[in-house]
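Chemist: The structure file final31.cif (mmCIF, C-alpha atoms and all ligand atoms) is provided below.
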```cif
data_protein
#
loop_
_atom_site.group_PDB
_atom_site.id
_atom_site.type_symbol
_atom_site.label_atom_id
_atom_site.label_comp_id
_atom_site.auth_asym_id
_atom_site.auth_seq_id
_atom_site.Cartn_x
_atom_site.Cartn_y
_atom_site.Cartn_z
ATOM 1 C CA MET N 1 -4.617 45.672 -142.955
ATOM 2 C CA ASN N 2 -6.097 45.141 -139.491
ATOM 3 C CA ILE N 3 -5.502 41.695 -138.040
ATOM 4 C CA LEU N 4 -7.318 40.729 -134.876
ATOM 5 C CA GLY N 5 -5.987 37.843 -132.784
ATOM 6 C CA ILE N 6 -8.337 36.198 -130.297
ATOM 7 C CA SER N 7 -6.987 33.778 -127.724
ATOM 8 C CA GLY N 8 -9.301 31.349 -125.964
ATOM 9 C CA SER N 9 -6.535 30.029 -123.724
ATOM 10 C CA PRO N 10 -6.337 30.975 -120.069
ATOM 11 C CA LYS N 11 -2.543 30.368 -120.062
ATOM 12 C CA ALA N 12 -0.364 33.364 -120.923
ATOM 13 C CA GLY N 13 2.744 31.288 -121.659
ATOM 14 C CA GLY N 14 1.018 28.300 -123.253
ATOM 15 C CA LEU N 15 1.682 27.188 -126.809
ATOM 16 C CA THR N 16 -1.723 28.480 -127.967
ATOM 17 C CA THR N 17 -0.819 32.023 -126.989
ATOM 18 C CA LEU N 18 2.752 31.669 -128.280
ATOM 19 C CA LEU N 19 1.471 30.510 -131.683
ATOM 20 C CA LEU N 20 -0.963 33.410 -131.829
ATOM 21 C CA ASP N 21 1.821 35.839 -130.901
ATOM 22 C CA LYS N 22 3.996 34.398 -133.678
ATOM 23 C CA VAL N 23 1.259 34.792 -136.294
ATOM 24 C CA LEU N 24 0.687 38.382 -135.208
ATOM 25 C CA ASP N 25 4.433 39.053 -135.152
ATOM 26 C CA GLY N 26 4.836 37.694 -138.685
ATOM 27 C CA ALA N 27 1.919 39.832 -139.877
ATOM 28 C CA LYS N 28 3.174 42.955 -138.128
ATOM 29 C CA ARG N 29 6.646 42.634 -139.618
ATOM 30 C CA SER N 30 5.001 42.477 -143.050
ATOM 31 C CA GLY N 31 3.160 45.723 -142.499
ATOM 32 C CA ALA N 32 -0.124 44.752 -140.862
ATOM 33 C CA HIS N 33 -1.652 46.442 -137.870
ATOM 34 C CA THR N 34 -2.284 43.788 -135.242
ATOM 35 C CA GLU N 35 -4.257 43.574 -132.045
ATOM 36 C CA LYS N 36 -4.741 40.741 -129.569
ATOM 37 C CA ILE N 37 -7.674 39.940 -127.335
ATOM 38 C CA ILE N 38 -7.213 37.489 -124.466
ATOM 39 C CA LEU N 39 -10.747 36.390 -123.684
ATOM 40 C CA ASN N 40 -9.786 35.111 -120.247
ATOM 41 C CA ASP N 41 -8.913 38.672 -119.207
ATOM 42 C CA LEU N 42 -12.362 39.972 -120.144
ATOM 43 C CA ASN N 43 -15.446 40.102 -117.998
ATOM 44 C CA PHE N 44 -18.489 39.021 -119.966
ATOM 45 C CA LYS N 45 -21.480 36.756 -119.642
ATOM 46 C CA ALA N 46 -22.367 33.911 -121.953
ATOM 47 C CA CYS N 47 -25.343 34.550 -124.259
ATOM 48 C CA GLN N 48 -28.586 34.752 -122.261
ATOM 49 C CA GLU N 49 -30.852 34.265 -125.299
ATOM 50 C CA CYS N 50 -32.820 37.231 -123.979
ATOM 51 C CA GLY N 51 -34.045 38.332 -127.400
ATOM 52 C CA GLY N 52 -32.548 41.782 -126.865
ATOM 53 C CA CYS N 53 -30.805 41.680 -130.248
ATOM 54 C CA ASP N 54 -33.793 40.317 -132.194
ATOM 55 C CA LYS N 55 -34.873 43.620 -133.718
ATOM 56 C CA THR N 56 -31.509 45.376 -133.988
ATOM 57 C CA GLY N 57 -28.809 42.733 -134.341
ATOM 58 C CA ILE N 58 -27.036 44.468 -131.490
ATOM 59 C CA CYS N 59 -26.427 42.763 -128.147
ATOM 60 C CA ILE N 60 -27.908 44.658 -125.211
ATOM 61 C CA LEU N 61 -25.582 43.245 -122.553
ATOM 62 C CA ASP N 62 -23.207 45.918 -121.288
ATOM 63 C CA ASP N 63 -19.937 44.154 -120.596
ATOM 64 C CA ASP N 64 -16.476 43.529 -122.058
ATOM 65 C CA MET N 65 -17.905 42.068 -125.265
ATOM 66 C CA ARG N 66 -18.779 45.580 -126.444
ATOM 67 C CA PRO N 67 -15.256 46.423 -127.700
ATOM 68 C CA VAL N 68 -14.888 42.896 -129.073
ATOM 69 C CA TYR N 69 -17.858 43.447 -131.423
ATOM 70 C CA GLU N 70 -16.261 46.687 -132.630
ATOM 71 C CA LYS N 71 -12.865 45.109 -133.207
ATOM 72 C CA LEU N 72 -14.445 42.165 -135.041
ATOM 73 C CA ALA N 73 -16.332 44.533 -137.326
ATOM 74 C CA GLY N 74 -13.176 46.485 -138.127
ATOM 75 C CA ALA N 75 -10.860 43.531 -138.738
ATOM 76 C CA ASP N 76 -9.667 42.549 -142.212
ATOM 77 C CA ALA N 77 -8.479 39.221 -140.845
ATOM 78 C CA VAL N 78 -9.195 37.299 -137.673
ATOM 79 C CA VAL N 79 -6.892 34.731 -136.074
ATOM 80 C CA VAL N 80 -8.628 32.548 -133.501
ATOM 81 C CA ALA N 81 -6.574 30.365 -131.163
ATOM 82 C CA SER N 82 -7.698 27.760 -128.659
ATOM 83 C CA PRO N 83 -6.426 24.706 -126.847
ATOM 84 C CA ILE N 84 -8.609 21.607 -126.869
ATOM 85 C CA TYR N 85 -10.555 21.224 -123.642
ATOM 86 C CA PHE N 86 -12.744 18.137 -123.322
ATOM 87 C CA GLY N 87 -12.715 17.532 -127.036
ATOM 88 C CA ASN N 88 -13.430 21.047 -128.234
ATOM 89 C CA ILE N 89 -12.595 24.762 -127.981
ATOM 90 C CA THR N 90 -12.406 26.328 -124.520
ATOM 91 C CA ALA N 91 -15.401 27.723 -122.666
ATOM 92 C CA GLN N 92 -13.928 31.220 -123.001
ATOM 93 C CA LEU N 93 -13.926 31.024 -126.796
ATOM 94 C CA LYS N 94 -17.315 29.300 -127.002
ATOM 95 C CA ALA N 95 -18.830 32.001 -124.775
ATOM 96 C CA MET N 96 -17.498 34.718 -127.089
ATOM 97 C CA ILE N 97 -18.804 32.914 -130.164
ATOM 98 C CA ASP N 98 -22.231 32.439 -128.583
ATOM 99 C CA ARG N 99 -22.336 36.146 -127.796
ATOM 100 C CA CYS N 100 -22.082 36.702 -131.549
ATOM 101 C CA HIS N 101 -25.659 35.463 -131.808
ATOM 102 C CA SER N 102 -26.457 39.143 -132.362
ATOM 103 C CA SER N 103 -24.304 39.054 -135.522
ATOM 104 C CA TRP N 104 -26.127 35.914 -136.625
ATOM 105 C CA ILE N 105 -29.454 37.731 -136.129
ATOM 106 C CA ALA N 106 -28.141 40.747 -138.081
ATOM 107 C CA LYS N 107 -26.981 38.602 -140.970
ATOM 108 C CA TYR N 108 -29.595 35.880 -141.300
ATOM 109 C CA ILE N 109 -32.770 37.366 -139.799
ATOM 110 C CA LEU N 110 -32.389 41.092 -140.431
ATOM 111 C CA LYS N 111 -30.451 40.437 -143.690
ATOM 112 C CA ARG N 112 -28.079 43.249 -142.928
ATOM 113 C CA GLY N 113 -24.886 43.194 -144.984
ATOM 114 C CA LEU N 114 -21.410 43.784 -143.701
ATOM 115 C CA PRO N 115 -19.342 46.817 -144.823
ATOM 116 C CA ALA N 116 -18.828 46.676 -148.598
ATOM 117 C CA ASN N 117 -15.544 45.654 -150.236
ATOM 118 C CA LYS N 118 -14.115 44.269 -147.048
ATOM 119 C CA LYS N 119 -11.933 41.251 -147.683
ATOM 120 C CA ARG N 120 -11.929 39.201 -144.527
ATOM 121 C CA LYS N 121 -9.834 36.154 -143.875
ATOM 122 C CA GLY N 122 -9.647 33.754 -140.973
ATOM 123 C CA ILE N 123 -7.026 31.483 -139.466
ATOM 124 C CA PHE N 124 -7.541 28.939 -136.696
ATOM 125 C CA LEU N 125 -4.768 27.802 -134.343
ATOM 126 C CA CYS N 126 -5.379 24.804 -132.110
ATOM 127 C CA VAL N 127 -3.308 22.874 -129.578
ATOM 128 C CA ALA N 128 -4.041 19.584 -127.783
ATOM 129 C CA GLY N 129 -2.297 17.667 -125.035
ATOM 130 C CA LYS N 130 -2.944 14.260 -126.595
ATOM 131 C CA ASN N 131 -2.999 12.920 -130.139
ATOM 132 C CA THR N 132 -6.712 13.325 -130.607
ATOM 133 C CA GLU N 133 -7.122 14.496 -134.184
ATOM 134 C CA GLU N 134 -10.919 14.142 -134.178
ATOM 135 C CA TYR N 135 -11.106 16.824 -131.490
ATOM 136 C CA PHE N 136 -9.494 19.284 -133.898
ATOM 137 C CA GLU N 137 -12.329 18.533 -136.312
ATOM 138 C CA ASN N 138 -14.889 19.357 -133.586
ATOM 139 C CA ALA N 139 -13.127 22.643 -132.875
ATOM 140 C CA LYS N 140 -12.775 23.558 -136.557
ATOM 141 C CA LYS N 141 -16.490 23.048 -137.169
ATOM 142 C CA ILE N 142 -17.416 25.605 -134.522
ATOM 143 C CA VAL N 143 -14.818 28.135 -135.647
ATOM 144 C CA LYS N 144 -16.032 27.739 -139.236
ATOM 145 C CA VAL N 145 -19.605 28.581 -138.181
ATOM 146 C CA PHE N 146 -18.262 31.647 -136.370
ATOM 147 C CA PHE N 147 -16.291 32.725 -139.455
ATOM 148 C CA VAL N 148 -19.200 32.186 -141.865
ATOM 149 C CA THR N 149 -21.472 34.306 -139.672
ATOM 150 C CA HIS N 150 -18.943 37.130 -139.935
ATOM 151 C CA ASP N 151 -18.247 36.699 -143.664
ATOM 152 C CA ILE N 152 -14.733 35.537 -142.912
ATOM 153 C CA ASP N 153 -13.167 33.034 -145.321
ATOM 154 C CA TYR N 154 -11.529 30.116 -143.506
ATOM 155 C CA LEU N 155 -8.076 30.487 -145.016
ATOM 156 C CA SER N 156 -6.083 27.880 -143.104
ATOM 157 C CA ASP N 157 -5.358 26.369 -139.751
ATOM 158 C CA LEU N 158 -2.490 25.054 -137.678
ATOM 159 C CA SER N 159 -3.167 22.180 -135.289
ATOM 160 C CA ILE N 160 -0.518 20.870 -132.910
ATOM 161 C CA SER N 161 -1.291 17.668 -131.016
ATOM 162 C CA GLY N 162 0.638 15.670 -128.440
ATOM 163 C CA LEU N 163 1.809 18.658 -126.434
ATOM 164 C CA ASP N 164 1.833 16.660 -123.174
ATOM 165 C CA ALA N 165 4.704 14.532 -124.489
ATOM 166 C CA MET N 166 6.637 17.476 -125.972
ATOM 167 C CA SER N 167 9.587 19.026 -124.171
ATOM 168 C CA ILE N 168 10.151 22.780 -124.378
ATOM 169 C CA ASP N 169 12.974 22.248 -126.892
ATOM 170 C CA ASP N 170 11.144 19.666 -129.012
ATOM 171 C CA PRO N 171 11.847 20.396 -132.723
ATOM 172 C CA LYS N 172 8.126 19.963 -133.458
ATOM 173 C CA ARG N 173 7.380 22.893 -131.168
ATOM 174 C CA GLU N 174 9.955 25.110 -132.845
ATOM 175 C CA ALA N 175 8.707 24.071 -136.288
ATOM 176 C CA ALA N 176 5.148 24.978 -135.258
ATOM 177 C CA LEU N 177 6.245 28.418 -134.088
ATOM 178 C CA GLN N 178 8.103 29.019 -137.361
ATOM 179 C CA ARG N 179 5.069 27.874 -139.314
ATOM 180 C CA ALA N 180 2.896 30.279 -137.296
ATOM 181 C CA PHE N 181 5.232 33.179 -138.136
ATOM 182 C CA GLN N 182 4.997 32.243 -141.834
ATOM 183 C CA ILE N 183 1.200 32.089 -141.659
ATOM 184 C CA GLY N 184 1.210 35.635 -140.276
ATOM 185 C CA THR N 185 3.539 36.832 -143.026
ATOM 186 C CA ASN N 186 1.398 35.202 -145.722
ATOM 187 C CA LEU N 187 -1.810 36.525 -144.199
ATOM 188 C CA SER N 188 -0.490 40.069 -144.185
ATOM 189 C CA LYS N 189 0.835 39.869 -147.750
ATOM 190 C CA SER N 190 -2.315 38.204 -149.094
ATOM 191 C CA ALA N 191 -4.328 41.375 -148.569
ATOM 192 C CA LEU N 192 -1.753 44.028 -149.397
HETATM 193 C C1 LIG Q 201 -9.911 21.398 -118.725
HETATM 194 C C2 LIG Q 201 -8.942 20.758 -119.683
HETATM 195 C C3 LIG Q 201 -9.419 19.848 -120.611
HETATM 196 C C4 LIG Q 201 -8.556 19.266 -121.545
HETATM 197 N N1 LIG Q 201 -9.056 18.394 -122.453
HETATM 198 C C5 LIG Q 201 -8.236 17.868 -123.384
HETATM 199 C C6 LIG Q 201 -8.747 16.982 -124.365
HETATM 200 O O1 LIG Q 201 -9.914 16.672 -124.438
HETATM 201 N N2 LIG Q 201 -7.870 16.460 -125.282
HETATM 202 C C7 LIG Q 201 -6.541 16.783 -125.265
HETATM 203 O O2 LIG Q 201 -5.796 16.301 -126.105
HETATM 204 N N3 LIG Q 201 -6.042 17.621 -124.340
HETATM 205 C C8 LIG Q 201 -6.861 18.181 -123.407
HETATM 206 N N4 LIG Q 201 -6.355 19.057 -122.473
HETATM 207 C C9 LIG Q 201 -4.942 19.443 -122.548
HETATM 208 C C10 LIG Q 201 -4.759 20.758 -123.285
HETATM 209 O O3 LIG Q 201 -5.283 20.705 -124.598
HETATM 210 C C11 LIG Q 201 -3.266 21.066 -123.363
HETATM 211 O O4 LIG Q 201 -2.745 21.182 -122.049
HETATM 212 C C12 LIG Q 201 -2.954 22.293 -124.156
HETATM 213 O O5 LIG Q 201 -1.620 22.263 -124.429
HETATM 214 C C13 LIG Q 201 -3.212 23.564 -123.435
HETATM 215 O O6 LIG Q 201 -2.852 24.618 -124.290
HETATM 216 P P1 LIG Q 201 -2.127 25.954 -123.822
HETATM 217 O O7 LIG Q 201 -1.130 25.570 -122.789
HETATM 218 O O8 LIG Q 201 -1.513 26.438 -125.037
HETATM 219 O O9 LIG Q 201 -3.202 26.844 -123.321
HETATM 220 C C14 LIG Q 201 -7.185 19.625 -121.522
HETATM 221 C C15 LIG Q 201 -6.711 20.524 -120.554
HETATM 222 C C16 LIG Q 201 -7.563 21.079 -119.646
HETATM 223 C C17 LIG Q 201 -7.034 22.056 -118.633
#
```
Kindly return the structure encoded in the file as structure tokens.
Ligand SMILES: Cc1cc2nc3c(=O)[nH]c(=O)nc-3n(C[C@H](O)[C@H](O)[C@H](O)COP(=O)(O)O)c2cc1C
Modeler:
Amino acid sequence: MNILGISGSPKAGGLTTLLLDKVLDGAKRSGAHTEKIILNDLNFKACQECGGCDKTGICILDDDMRPVYEKLAGADAVVVASPIYFGNITAQLKAMIDRCHSSWIAKYILKRGLPANKKRKGIFLCVAGKNTEEYFENAKKIVKVFFVTHDIDYLSDLSISGLDAMSIDDPKREAALQRAFQIGTNLSKSAL
């Protein structure tokens, strides 16, 4: 089972990335093959709506999104992680999702199916500084659209709010990391 983790956080040591690492660790220890993409490390443009994918469903921009498309196509499960920025997912993650307009064209306009018999599952991890639960709902809606476009079932999510008031040894933080590890274990086992 190939599990692809995608982090929309620019912070290497932030809770978003730590939660993603825990999910991937749990999955790996249960036999999955895991890979992580840190969008902030990539060099790619936001969608230009140039129409270059209209007839093929393939984006014509030649940048770091190229391998991301390949990895997305080959993944059995996708774990997306983002902190809340101004009430929603980060710009890095939104830019990647918008670049999947080519996949949307392929699926809904060109009616091209995805590889047969591929069970695909999705998990969303989200972290916020304040206790702003409605922002998680904003973020989930966008991730759900992304998953649907890629025929990925939205399996579950883990949302941690109030990080600004949490110390590094806060039990809630540790519990979240343990939960993330369990999600990874379950995700791996669910498709074995
Ligand atoms: C540009 C920016 C915008 C933010 N907007 C929000 C927000 O709307 N609501 C909120 O609760 N926290 C907001 N935060 C706080 C982050 O969600 C919080 O610091 C989060 O823990 C960062 O996650 P990470 O350290 O795991 O990357 C914002 C932080 C930044 C830098």
Chemist: Got a sec to resolve the PyMOL selection byres (((not hetatm)) within 6 of (chain Q and resi 201)) on this structure and send the residues as number ranges by chain?
Modeler: N: 9, 11, 14-17, 83-87, 127-132, 163
Chemist: Counting all atoms listed in the file, find residues at most 12 Å from (8.6, 24.7, -136.2) (file frame) and give them as a list of chain:residue names.
Modeler: N:Leu15, N:Leu19, N:Lys22, N:Leu158, N:Ile160, N:Asp169, N:Asp170, N:Pro171, N:Lys172, N:Arg173, N:Glu174, N:Ala175, N:Ala176, N:Leu177, N:Gln178, N:Arg179, N:Ala180, N:Phe181, N:Gln182, N:Ile183
Chemist: Applying 7 Å and all atoms listed in the file, which residues near His33 in chain N remain after dropping the ones on its own chain fewer than 6 positions away? List them as a PyMOL selection string.
Modeler: chain N and resi 1-3
Chemist: Let me make sure I understand: among N:Lys144, N:Arg112, N:Arg99, N:Arg120, which one has the smallest atom-to-atom distance to Ala73 in chain N if we use only C-alpha atoms?
Modeler: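 For Ala73 in chain N, the nearest of the given residues is N:Arg120.
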Chemist: Please list, as a PyMOL selection string, the residues that have an atom at most 12 Å away from (-21.5, 37.2, -132.3) in the coordinates of this file, counting only C-alpha atoms.
Modeler: chain N and resi 46-47+53+57-59+65-66+68-73+93-107+143+145-151
Chemist: Smallest atom-to-atom distance to Arg29 in chain N: which of N:Ile168, N:Leu110, N:Leu61, N:Leu187, using only C-alpha atoms?
Modeler: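 When distances to Arg29 in chain N are compared using only C-alpha atoms, the smallest one comes from N:Leu187.
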Chemist: For range 49-165 of chain N against range 40-43 of chain N, with a cut-off of 7 Å and counting all atoms listed in the file, what is the closest atom pair and its distance in Å to one decimal for every residue that makes the cut, ordered by chain and number, as JSON lines?
Modeler:
```
{"residue": "N:Asp63", "atom": "CA", "partner": "N:Asn43", "partner_atom": "CA", "distance": 6.6}
{"residue": "N:Asp64", "atom": "CA", "partner": "N:Asn43", "partner_atom": "CA", "distance": 5.4}
{"residue": "N:Gln92", "atom": "CA", "partner": "N:Asn40", "partner_atom": "CA", "distance": 6.3}
```
Chemist: I need the output of the PyMOL selection byres (((chain N and resi 38) around 7) and not hetatm) for this file as a list in words; which residues are they?
Modeler: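 Applying the expression gives Ile6, Ser7, Gly8, Lys36, Ile37, Leu39, Asn40 and Asp41 of chain N.
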Chemist: I'd like the contact shell of Asn138 in chain N - 10 Å cut-off, all atoms listed in the file, skipping same-chain residues fewer than 2 positions apart - returned as an MDAnalysis selection string.
Modeler: chainID N and resid 84 87:89 133:136 140:143
Chemist: Kindly give the distance, in Å, that separates CA of Phe124 in chain N and CA of Glu49 in chain N, rounded to a single decimal.
Modeler: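 CA of Phe124 in chain N sits 26.5 Å away from CA of Glu49 in chain N.
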Chemist: Hey, can you check how far CA of Gly13 in chain N sits from CA of Met166 in chain N?
Modeler: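 Answer for the CA of Gly13 in chain N to CA of Met166 in chain N separation: 15.0 Å.
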Chemist: So, with all atoms listed in the file as the atoms that count, which of N:Ile123, N:Ala139, N:Ala91, N:Cys50 lies closest to Ser156 in chain N?
Modeler: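 Selected residue with least distance to Ser156 in chain N: N:Ile123.
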Chemist: What does the distance from CA of Lys189 in chain N to CA of Ser82 in chain N come to in Å, to one decimal?
Modeler: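 If I compute the distance from CA of Lys189 in chain N to CA of Ser82 in chain N, I get 24.2 Å.
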Chemist: Which residue is closest to Glu137 in chain N? Choose from N:Ala12, N:Ala165, N:Lys121, N:Asp157 and count all atoms listed in the file.
Modeler: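 Closest to Glu137 in chain N, using all atoms listed in the file: N:Asp157.
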Chemist: Would you pick out the contacts of Ser30 in chain N at 7 Å or less, using all atoms listed in the file, so that residues sharing its chain but fewer than 2 positions from it are not included, and give the list as a list in words?
Modeler: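 That gives Gly26, Ala27, Lys28, Ala32, Thr185, Ser188 and Lys189 of chain N.
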Chemist: Around range 2-9 of chain N, with edges along x, y and z and 3 Å added on all six sides, what centre and edge lengths do you get, in Å to one decimal, as AutoDock Vina command-line options?
Modeler:
```
--center_x -7.4 --center_y 37.6 --center_z -131.6 --size_x 9.8 --size_y 21.1 --size_z 21.8
```
Chemist: Between N:Cys126, N:Gly51, N:Leu20, N:Lys118, which one has atoms that come closest to Ser161 in chain N, using all atoms listed in the file?
Modeler: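 Distance minimum relative to Ser161 in chain N lands on N:Cys126.
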Chemist: Pick from N:Thr90, N:Ser159, N:Thr34, N:Ser167: nearest to Asp76 in chain N, with all atoms listed in the file counted?
Modeler: N:Thr34
